[in-house]
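Okay, structure first, notes after.
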Amino acid sequence: MKAKGADPYDLKQQENVLTGSRMMVPDCRKRLEAAQSDLKATLVEVEESGQKDGSEIGDARNTITNVERIF
């Protein structure tokens with residue numbers, strides 16, 4: 001936009017959007033890590049209670065695996 005001579009107001013607006021996005025990524029990562037930790041703890045409790053099968057348990061395991069790939 002700068003190279004094309006965009007309006008300074010538009011440039012400022014885009015810079016604000018970029019700044020907001022940069023702040024959101026670390027926050028989202030922290031929340032995802034917390035949710036993963038909670039899911040792991042819940043899965044351990046469920047498995048210790050004797051439930052080791054079921055679609056929800058499989059979904060929980062898959063979710064944990066997929067999140068671990070991201071990190």
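Ordering of the structure tokens sets the chain letters (A, B, ...), residue numbers begin anew at 1 in every chain, and ligands are numbered from 1 in the order given.
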
Near segment 14-30 of chain A, counting only C-alpha atoms, which residues have an atom at most 10 Å away, once you skip same-chain residues fewer than 5 positions from it, shown as a short mmCIF file (atom, residue, chain, number, x, y, z; two decimals) with N, CA and C atoms, in the first residue's frame?
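Written out: around33.cif:
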data_model
loop_
_atom_site.label_atom_id
_atom_site.label_comp_id
_atom_site.auth_asym_id
_atom_site.auth_seq_id
_atom_site.Cartn_x
_atom_site.Cartn_y
_atom_site.Cartn_z
N MET A 1 0.82 -1.18 0.00
CA MET A 1 0.00 0.00 0.00
C MET A 1 0.87 1.26 0.00
N PRO A 8 -2.81 8.14 3.54
CA PRO A 8 -2.22 7.97 4.88
C PRO A 8 -3.21 7.44 5.91
N TYR A 9 -4.46 7.85 5.81
CA TYR A 9 -5.48 7.36 6.74
C TYR A 9 -5.65 5.85 6.58
N ALA A 35 -6.51 -24.75 27.35
CA ALA A 35 -7.59 -25.68 27.01
C ALA A 35 -7.04 -27.09 26.80
N GLN A 36 -5.87 -27.18 26.18
CA GLN A 36 -5.25 -28.49 25.97
C GLN A 36 -4.90 -29.13 27.31
N ILE A 70 0.68 -28.58 16.43
CA ILE A 70 0.79 -27.13 16.23
C ILE A 70 1.97 -26.57 17.03
N PHE A 71 2.12 -27.06 18.26
CA PHE A 71 3.18 -26.55 19.12
C PHE A 71 4.44 -27.30 18.85
#

Members of chain A assigned alpha helix (DSSP H) by DSSP, as a PDB file with N, CA and C atoms, in the first residue's frame:
ATOM      1  N   PRO A   8      -2.806   8.143   3.541  1.00  0.00           N
ATOM      2  CA  PRO A   8      -2.217   7.967   4.879  1.00  0.00           C
ATOM      3  C   PRO A   8      -3.212   7.443   5.915  1.00  0.00           C
ATOM      4  N   TYR A   9      -4.465   7.854   5.807  1.00  0.00           N
ATOM      5  CA  TYR A   9      -5.481   7.357   6.740  1.00  0.00           C
ATOM      6  C   TYR A   9      -5.652   5.845   6.583  1.00  0.00           C
ATOM      7  N   ASP A  10      -5.716   5.375   5.339  1.00  0.00           N
ATOM      8  CA  ASP A  10      -5.851   3.940   5.084  1.00  0.00           C
ATOM      9  C   ASP A  10      -4.640   3.168   5.595  1.00  0.00           C
ATOM     10  N   LEU A  11      -3.465   3.756   5.417  1.00  0.00           N
ATOM     11  CA  LEU A  11      -2.244   3.106   5.925  1.00  0.00           C
ATOM     12  C   LEU A  11      -2.303   2.971   7.442  1.00  0.00           C
ATOM     13  N   LYS A  12      -2.743   4.022   8.107  1.00  0.00           N
ATOM     14  CA  LYS A  12      -2.830   4.004   9.574  1.00  0.00           C
ATOM     15  C   LYS A  12      -3.840   2.948  10.021  1.00  0.00           C
ATOM     16  N   GLN A  13      -4.957   2.860   9.330  1.00  0.00           N
ATOM     17  CA  GLN A  13      -5.962   1.865   9.680  1.00  0.00           C
ATOM     18  C   GLN A  13      -5.399   0.447   9.521  1.00  0.00           C
ATOM     19  N   GLN A  14      -4.674   0.200   8.456  1.00  0.00           N
ATOM     20  CA  GLN A  14      -4.082  -1.117   8.233  1.00  0.00           C
ATOM     21  C   GLN A  14      -3.008  -1.427   9.268  1.00  0.00           C
ATOM     22  N   GLU A  15      -2.250  -0.414   9.678  1.00  0.00           N
ATOM     23  CA  GLU A  15      -1.257  -0.619  10.735  1.00  0.00           C
ATOM     24  C   GLU A  15      -1.942  -0.988  12.045  1.00  0.00           C
ATOM     25  N   ASN A  16      -3.076  -0.365  12.327  1.00  0.00           N
ATOM     26  CA  ASN A  16      -3.831  -0.687  13.545  1.00  0.00           C
ATOM     27  C   ASN A  16      -4.344  -2.126  13.503  1.00  0.00           C
ATOM     28  N   VAL A  17      -4.829  -2.560  12.351  1.00  0.00           N
ATOM     29  CA  VAL A  17      -5.300  -3.933  12.201  1.00  0.00           C
ATOM     30  C   VAL A  17      -4.140  -4.906  12.422  1.00  0.00           C
ATOM     31  N   LEU A  18      -2.996  -4.608  11.838  1.00  0.00           N
ATOM     32  CA  LEU A  18      -1.818  -5.466  11.987  1.00  0.00           C
ATOM     33  C   LEU A  18      -1.375  -5.543  13.440  1.00  0.00           C
ATOM     34  N   THR A  19      -1.365  -4.422  14.128  1.00  0.00           N
ATOM     35  CA  THR A  19      -0.981  -4.397  15.545  1.00  0.00           C
ATOM     36  C   THR A  19      -1.941  -5.238  16.375  1.00  0.00           C
ATOM     37  N   GLY A  20      -3.225  -5.096  16.116  1.00  0.00           N
ATOM     38  CA  GLY A  20      -4.217  -5.893  16.839  1.00  0.00           C
ATOM     39  C   GLY A  20      -4.039  -7.377  16.597  1.00  0.00           C
ATOM     40  N   SER A  21      -3.751  -7.735  15.363  1.00  0.00           N
ATOM     41  CA  SER A  21      -3.540  -9.143  15.025  1.00  0.00           C
ATOM     42  C   SER A  21      -2.315  -9.696  15.728  1.00  0.00           C
ATOM     43  N   ARG A  22      -1.275  -8.930  15.777  1.00  0.00           N
ATOM     44  CA  ARG A  22      -0.049  -9.389  16.458  1.00  0.00           C
ATOM     45  C   ARG A  22      -0.273  -9.599  17.946  1.00  0.00           C
ATOM     46  N   MET A  23      -1.170  -8.832  18.534  1.00  0.00           N
ATOM     47  CA  MET A  23      -1.455  -8.986  19.958  1.00  0.00           C
ATOM     48  C   MET A  23      -2.368 -10.188  20.203  1.00  0.00           C
ATOM     49  N   MET A  24      -3.212 -10.520  19.258  1.00  0.00           N
ATOM     50  CA  MET A  24      -4.160 -11.615  19.433  1.00  0.00           C
ATOM     51  C   MET A  24      -3.501 -12.982  19.349  1.00  0.00           C
ATOM     52  N   VAL A  25      -2.476 -13.126  18.550  1.00  0.00           N
ATOM     53  CA  VAL A  25      -1.856 -14.441  18.359  1.00  0.00           C
ATOM     54  C   VAL A  25      -1.304 -15.009  19.676  1.00  0.00           C
ATOM     55  N   PRO A  26      -0.500 -14.263  20.427  1.00  0.00           N
ATOM     56  CA  PRO A  26      -0.009 -14.822  21.696  1.00  0.00           C
ATOM     57  C   PRO A  26      -1.139 -15.147  22.677  1.00  0.00           C
ATOM     58  N   ASP A  27      -2.172 -14.306  22.705  1.00  0.00           N
ATOM     59  CA  ASP A  27      -3.300 -14.560  23.603  1.00  0.00           C
ATOM     60  C   ASP A  27      -4.022 -15.846  23.208  1.00  0.00           C
ATOM     61  N   CYS A  28      -4.252 -16.033  21.932  1.00  0.00           N
ATOM     62  CA  CYS A  28      -4.914 -17.253  21.460  1.00  0.00           C
ATOM     63  C   CYS A  28      -4.073 -18.485  21.768  1.00  0.00           C
ATOM     64  N   ARG A  29      -2.768 -18.352  21.635  1.00  0.00           N
ATOM     65  CA  ARG A  29      -1.885 -19.481  21.934  1.00  0.00           C
ATOM     66  C   ARG A  29      -1.984 -19.868  23.412  1.00  0.00           C
ATOM     67  N   LYS A  30      -1.977 -18.863  24.292  1.00  0.00           N
ATOM     68  CA  LYS A  30      -2.097 -19.140  25.733  1.00  0.00           C
ATOM     69  C   LYS A  30      -3.410 -19.841  26.048  1.00  0.00           C
ATOM     70  N   ARG A  31      -4.497 -19.371  25.439  1.00  0.00           N
ATOM     71  CA  ARG A  31      -5.802 -19.980  25.700  1.00  0.00           C
ATOM     72  C   ARG A  31      -5.863 -21.398  25.154  1.00  0.00           C
ATOM     73  N   LEU A  32      -5.246 -21.642  23.995  1.00  0.00           N
ATOM     74  CA  LEU A  32      -5.223 -22.987  23.435  1.00  0.00           C
ATOM     75  C   LEU A  32      -4.407 -23.924  24.312  1.00  0.00           C
ATOM     76  N   GLU A  33      -3.266 -23.440  24.817  1.00  0.00           N
ATOM     77  CA  GLU A  33      -2.453 -24.263  25.714  1.00  0.00           C
ATOM     78  C   GLU A  33      -3.217 -24.603  26.994  1.00  0.00           C
ATOM     79  N   ALA A  34      -3.958 -23.634  27.540  1.00  0.00           N
ATOM     80  CA  ALA A  34      -4.733 -23.875  28.757  1.00  0.00           C
ATOM     81  C   ALA A  34      -5.848 -24.887  28.482  1.00  0.00           C
ATOM     82  N   ALA A  35      -6.514 -24.748  27.350  1.00  0.00           N
ATOM     83  CA  ALA A  35      -7.588 -25.684  27.011  1.00  0.00           C
ATOM     84  C   ALA A  35      -7.039 -27.090  26.798  1.00  0.00           C
ATOM     85  N   GLN A  36      -5.872 -27.181  26.182  1.00  0.00           N
ATOM     86  CA  GLN A  36      -5.247 -28.487  25.972  1.00  0.00           C
ATOM     87  C   GLN A  36      -4.901 -29.129  27.312  1.00  0.00           C
ATOM     88  N   SER A  37      -4.370 -28.352  28.209  1.00  0.00           N
ATOM     89  CA  SER A  37      -4.021 -28.865  29.535  1.00  0.00           C
ATOM     90  C   SER A  37      -5.265 -29.359  30.275  1.00  0.00           C
ATOM     91  N   ASP A  38      -6.333 -28.587  30.205  1.00  0.00           N
ATOM     92  CA  ASP A  38      -7.591 -28.996  30.835  1.00  0.00           C
ATOM     93  C   ASP A  38      -8.126 -30.281  30.215  1.00  0.00           C
ATOM     94  N   LEU A  39      -8.053 -30.368  28.897  1.00  0.00           N
ATOM     95  CA  LEU A  39      -8.550 -31.565  28.212  1.00  0.00           C
ATOM     96  C   LEU A  39      -7.736 -32.797  28.593  1.00  0.00           C
ATOM     97  N   LYS A  40      -6.420 -32.632  28.678  1.00  0.00           N
ATOM     98  CA  LYS A  40      -5.570 -33.753  29.095  1.00  0.00           C
ATOM     99  C   LYS A  40      -5.938 -34.218  30.502  1.00  0.00           C
ATOM    100  N   ALA A  41      -6.123 -33.276  31.410  1.00  0.00           N
ATOM    101  CA  ALA A  41      -6.459 -33.626  32.794  1.00  0.00           C
ATOM    102  C   ALA A  41      -7.809 -34.332  32.858  1.00  0.00           C
ATOM    103  N   THR A  42      -8.764 -33.844  32.109  1.00  0.00           N
ATOM    104  CA  THR A  42     -10.083 -34.478  32.087  1.00  0.00           C
ATOM    105  C   THR A  42     -10.007 -35.879  31.508  1.00  0.00           C
ATOM    106  N   LEU A  43      -9.231 -36.035  30.446  1.00  0.00           N
ATOM    107  CA  LEU A  43      -9.078 -37.347  29.823  1.00  0.00           C
ATOM    108  C   LEU A  43      -8.451 -38.343  30.797  1.00  0.00           C
ATOM    109  N   VAL A  44      -7.464 -37.918  31.554  1.00  0.00           N
ATOM    110  CA  VAL A  44      -6.840 -38.782  32.553  1.00  0.00           C
ATOM    111  C   VAL A  44      -7.876 -39.205  33.593  1.00  0.00           C
ATOM    112  N   GLU A  45      -8.672 -38.254  34.068  1.00  0.00           N
ATOM    113  CA  GLU A  45      -9.704 -38.582  35.063  1.00  0.00           C
ATOM    114  C   GLU A  45     -10.711 -39.588  34.520  1.00  0.00           C
ATOM    115  N   VAL A  46     -11.120 -39.377  33.292  1.00  0.00           N
ATOM    116  CA  VAL A  46     -12.105 -40.279  32.677  1.00  0.00           C
ATOM    117  C   VAL A  46     -11.517 -41.673  32.517  1.00  0.00           C
ATOM    118  N   GLU A  47     -10.286 -41.744  32.046  1.00  0.00           N
ATOM    119  CA  GLU A  47      -9.646 -43.045  31.853  1.00  0.00           C
ATOM    120  C   GLU A  47      -9.412 -43.752  33.181  1.00  0.00           C
ATOM    121  N   GLU A  48      -9.074 -42.995  34.222  1.00  0.00           N
ATOM    122  CA  GLU A  48      -8.867 -43.596  35.537  1.00  0.00           C
ATOM    123  C   GLU A  48     -10.173 -44.115  36.127  1.00  0.00           C
ATOM    124  N   SER A  55     -16.706 -42.426  21.538  1.00  0.00           N
ATOM    125  CA  SER A  55     -16.388 -41.434  20.504  1.00  0.00           C
ATOM    126  C   SER A  55     -15.819 -40.148  21.096  1.00  0.00           C
ATOM    127  N   GLU A  56     -16.334 -39.719  22.255  1.00  0.00           N
ATOM    128  CA  GLU A  56     -15.828 -38.488  22.865  1.00  0.00           C
ATOM    129  C   GLU A  56     -14.385 -38.640  23.330  1.00  0.00           C
ATOM    130  N   ILE A  57     -14.070 -39.815  23.847  1.00  0.00           N
ATOM    131  CA  ILE A  57     -12.702 -40.064  24.301  1.00  0.00           C
ATOM    132  C   ILE A  57     -11.755 -40.083  23.103  1.00  0.00           C
ATOM    133  N   GLY A  58     -12.167 -40.715  22.038  1.00  0.00           N
ATOM    134  CA  GLY A  58     -11.360 -40.707  20.817  1.00  0.00           C
ATOM    135  C   GLY A  58     -11.197 -39.313  20.255  1.00  0.00           C
ATOM    136  N   ASP A  59     -12.271 -38.530  20.290  1.00  0.00           N
ATOM    137  CA  ASP A  59     -12.197 -37.144  19.827  1.00  0.00           C
ATOM    138  C   ASP A  59     -11.227 -36.340  20.687  1.00  0.00           C
ATOM    139  N   ALA A  60     -11.269 -36.569  21.998  1.00  0.00           N
ATOM    140  CA  ALA A  60     -10.360 -35.853  22.906  1.00  0.00           C
ATOM    141  C   ALA A  60      -8.907 -36.208  22.595  1.00  0.00           C
ATOM    142  N   ARG A  61      -8.640 -37.487  22.389  1.00  0.00           N
ATOM    143  CA  ARG A  61      -7.263 -37.911  22.054  1.00  0.00           C
ATOM    144  C   ARG A  61      -6.810 -37.284  20.740  1.00  0.00           C
ATOM    145  N   ASN A  62      -7.691 -37.281  19.745  1.00  0.00           N
ATOM    146  CA  ASN A  62      -7.342 -36.687  18.449  1.00  0.00           C
ATOM    147  C   ASN A  62      -7.089 -35.192  18.566  1.00  0.00           C
ATOM    148  N   THR A  63      -7.898 -34.529  19.365  1.00  0.00           N
ATOM    149  CA  THR A  63      -7.708 -33.089  19.560  1.00  0.00           C
ATOM    150  C   THR A  63      -6.370 -32.807  20.217  1.00  0.00           C
ATOM    151  N   ILE A  64      -6.039 -33.566  21.237  1.00  0.00           N
ATOM    152  CA  ILE A  64      -4.753 -33.378  21.916  1.00  0.00           C
ATOM    153  C   ILE A  64      -3.606 -33.594  20.929  1.00  0.00           C
ATOM    154  N   THR A  65      -3.689 -34.646  20.132  1.00  0.00           N
ATOM    155  CA  THR A  65      -2.640 -34.929  19.134  1.00  0.00           C
ATOM    156  C   THR A  65      -2.522 -33.787  18.131  1.00  0.00           C
ATOM    157  N   ASN A  66      -3.649 -33.289  17.654  1.00  0.00           N
ATOM    158  CA  ASN A  66      -3.614 -32.198  16.664  1.00  0.00           C
ATOM    159  C   ASN A  66      -3.041 -30.907  17.244  1.00  0.00           C
ATOM    160  N   VAL A  67      -3.377 -30.612  18.487  1.00  0.00           N
ATOM    161  CA  VAL A  67      -2.845 -29.393  19.111  1.00  0.00           C
ATOM    162  C   VAL A  67      -1.344 -29.545  19.343  1.00  0.00           C
ATOM    163  N   GLU A  68      -0.913 -30.742  19.744  1.00  0.00           N
ATOM    164  CA  GLU A  68       0.529 -30.973  19.960  1.00  0.00           C
ATOM    165  C   GLU A  68       1.310 -30.780  18.683  1.00  0.00           C
ATOM    166  N   ARG A  69       0.725 -31.100  17.531  1.00  0.00           N
ATOM    167  CA  ARG A  69       1.401 -30.883  16.248  1.00  0.00           C
ATOM    168  C   ARG A  69       1.626 -29.397  15.982  1.00  0.00           C
ATOM    169  N   ILE A  70       0.683 -28.580  16.430  1.00  0.00           N
ATOM    170  CA  ILE A  70       0.791 -27.125  16.227  1.00  0.00           C
ATOM    171  C   ILE A  70       1.966 -26.566  17.028  1.00  0.00           C
TER     172      ILE A  70
END
